[in-house]
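Everything below concerns the one structure shown next.
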Amino acid sequence: MSAGYDTLRTEWEVVVGLETHVELGTRTKMFCGCSTELGAPPNSQVCPTCLGLPGALPVLNELAVELTVRIGLALHCDIAPWCRFARKNYFYPDQPKDFQISQYDEPLCVDGYLDVDDPETGELVRVGIERAHMEEDTGKTLHVGGATGRIHGATHSLVDYNRAGIPLVEIVTRPDIRSAAVARAYVGELREVLRSIGASAARMEQGQLRCDANTSVRRLGEPLGTRTETKNVNSLRAVERAVRGEVERQVVVLGGGGAVKQETRHFDETTGLTRPGRSKEDATDYRYFPEPDLTPLAVDDEHVSRIRESLPELPRERRARLAEVLGFDALALGQMSSAGVLDLVQETAALGADPVAAQAVWMNDLAALANERDLEAGELGVSAPDVARVLELRADGALSAALVRQVLTAVADGEGGPDTVVEARGLRALSDSGELQGLVDAAITANPDAVASIRAGKLGAVGQIMGAVMKASRGQADGKATTALIRSTLGVG
Ligand code: ZN
Ligand code: MN
């Protein structure tokens, strides 16, 4: 029986290293001029080079090199003054050349680190980065005719080479991660870094950031155990679940006197468990050798210095600075940061809005709306000045809390700025007008039982009258003003 992840950690230590593949935000592929744009019809963004046709030669994408150096510097790596590409040979239909151009023993970036906060202890964890190297992405296969979408049971397979040749950086950590929660935090922080330096949009749901988790366990104080590699874990939540699931499985195996087999495994989102894939190849199976079609790459010091100077403030430093300016704690800042709204909250506050109110609108109203629409909050078409204006109207009592969401939704729908929406829809909060008094009077008349309860001292029944007023005003009544008016009309409180 499994002891469960949290219990077993009193006896076992979790050891995780992550390999993360990042699609760089270049407009063209790594070794040809084909577009990297997502969503095009299958095989419409291909050419002889990325199809691996005989005689086609690769030409290195300069921007991809620059973005890789940016990643290396942001992760405190050394940038190799000279490095080479290597051929990684394997036969698989998603790679039309039957080899992948990658880097092997001479990566561009080596020996860095990324600091993350351990969500369980609040302590700082420095995760060592062994290397960050460049390589090209593979195509995508689609297995048709089976029940599961896997190759097993399929009648035939289709392949789309639009993704083949998109520039990737593979970032490999040292086995420094000691929990599923830190594994998740690392990927979240890495995603922030990649976005902040403009290296990648890093949208995990679109496969722009994909993780492989090397996981092993050992009894406390013992040498490293055998690891397994769980492939393509594609959301922050999945990273944490995949590690937990794999740790529990390995402890059951080892606890029963068995041995963990070194292999590739796949994470199943529905069960939260991993299942075996192929046995893990050794590096020798790939018959790496230097890529003969590309010259060595030498990024000179001066160029590296220029890139270093152009790096923006990194997310961690930024959060520390904003913690002081805005008065939020690290947890709240981390949440805003991973929701992608920290800049927007900060900008909204800089326009005079109360930081807490700005945070609430971006993290609650707009994040929920973005979620419904499968967008990031920053992509809704609502700007910081829009939110600042809505909060101003709210603070003046011109908008009720219920109307704030309605106005912002209309702004996101392209109905214009907040003032235009309020005007066009006639959305003014009824606060101290005679109209509000009329609605209160009507609600009191219509709810004699509630009135009797209030008069008998059960003030909770005010809510019932309030609900009737809200309904009659279609959300335009201001909550505070209405409560006060109900009480004064009934002569209580
Ligand atoms: Zn191409
Ligand atoms: Mn790789």
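If you're wondering about the labels, chains in the structure tokens are A, B, ... by order shown, residues count from 1 in each chain, ligands from 1 in order shown.
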Quick one: contact table of chain A to ligand 2, 10 Å max, nearest atom pair and distance in Å to one decimal per residue, counting only C-alpha atoms and all ligand atoms, chain and number order, as a Markdown table?
| residue | atom | partner | partner_atom_place_in_ligand_line | distance |
| --- | --- | --- | --- | --- |
| A:Glu19 | CA | ligand 2 | 1 (Mn) | 7.9 |
| A:Thr20 | CA | ligand 2 | 1 (Mn) | 8.1 |
| A:His21 | CA | ligand 2 | 1 (Mn) | 6.5 |
| A:Val22 | CA | ligand 2 | 1 (Mn) | 9.6 |
| A:Lys88 | CA | ligand 2 | 1 (Mn) | 9.6 |
| A:Gln100 | CA | ligand 2 | 1 (Mn) | 9.0 |
| A:Ile101 | CA | ligand 2 | 1 (Mn) | 9.9 |
| A:Ser102 | CA | ligand 2 | 1 (Mn) | 7.5 |
| A:Gln103 | CA | ligand 2 | 1 (Mn) | 9.0 |
| A:Tyr104 | CA | ligand 2 | 1 (Mn) | 10.0 |
| A:His133 | CA | ligand 2 | 1 (Mn) | 8.5 |
| A:Met134 | CA | ligand 2 | 1 (Mn) | 8.5 |
| A:Glu135 | CA | ligand 2 | 1 (Mn) | 6.8 |
| A:Glu136 | CA | ligand 2 | 1 (Mn) | 8.3 |
| A:Asp137 | CA | ligand 2 | 1 (Mn) | 8.2 |
| A:Thr138 | CA | ligand 2 | 1 (Mn) | 9.8 |
| A:Leu168 | CA | ligand 2 | 1 (Mn) | 8.1 |
| A:Val169 | CA | ligand 2 | 1 (Mn) | 7.9 |
| A:Glu170 | CA | ligand 2 | 1 (Mn) | 5.6 |
| A:Ile171 | CA | ligand 2 | 1 (Mn) | 8.6 |
| A:Val172 | CA | ligand 2 | 1 (Mn) | 9.3 |
| A:Asp212 | CA | ligand 2 | 1 (Mn) | 9.5 |
Q.
Could you list, as a PyMOL selection string, every residue within 9 Å of segment 192-202 of chain A, counting only C-alpha atoms and ignoring same-chain residues fewer than 4 positions away?
A. chain A and resi 22-26+64+67-68+70-71+74-75+187-188+206-210+311-316+337-338+340
Q) Once you count only C-alpha atoms and all ligand atoms, which residues end up within 10 Å of ligand 1, and could you hand them over as an MDAnalysis selection string? A) chainID A and resid 28:36 44:52 56 58 161:166
Q: Excluding Val382 of chain A and residues on its chain fewer than 5 positions from it, collect all residues at most 10 Å away from it, counting only C-alpha atoms, and give them as a PyMOL selection string.
A: chain A and resi 344+362+366+377+387+408-414+416-418
Q | Nearby residues (only C-alpha atoms) at most 8 Å from Arg241 of chain A, same-chain spacing under 4 positions excluded, as a count of residues only | A | 4
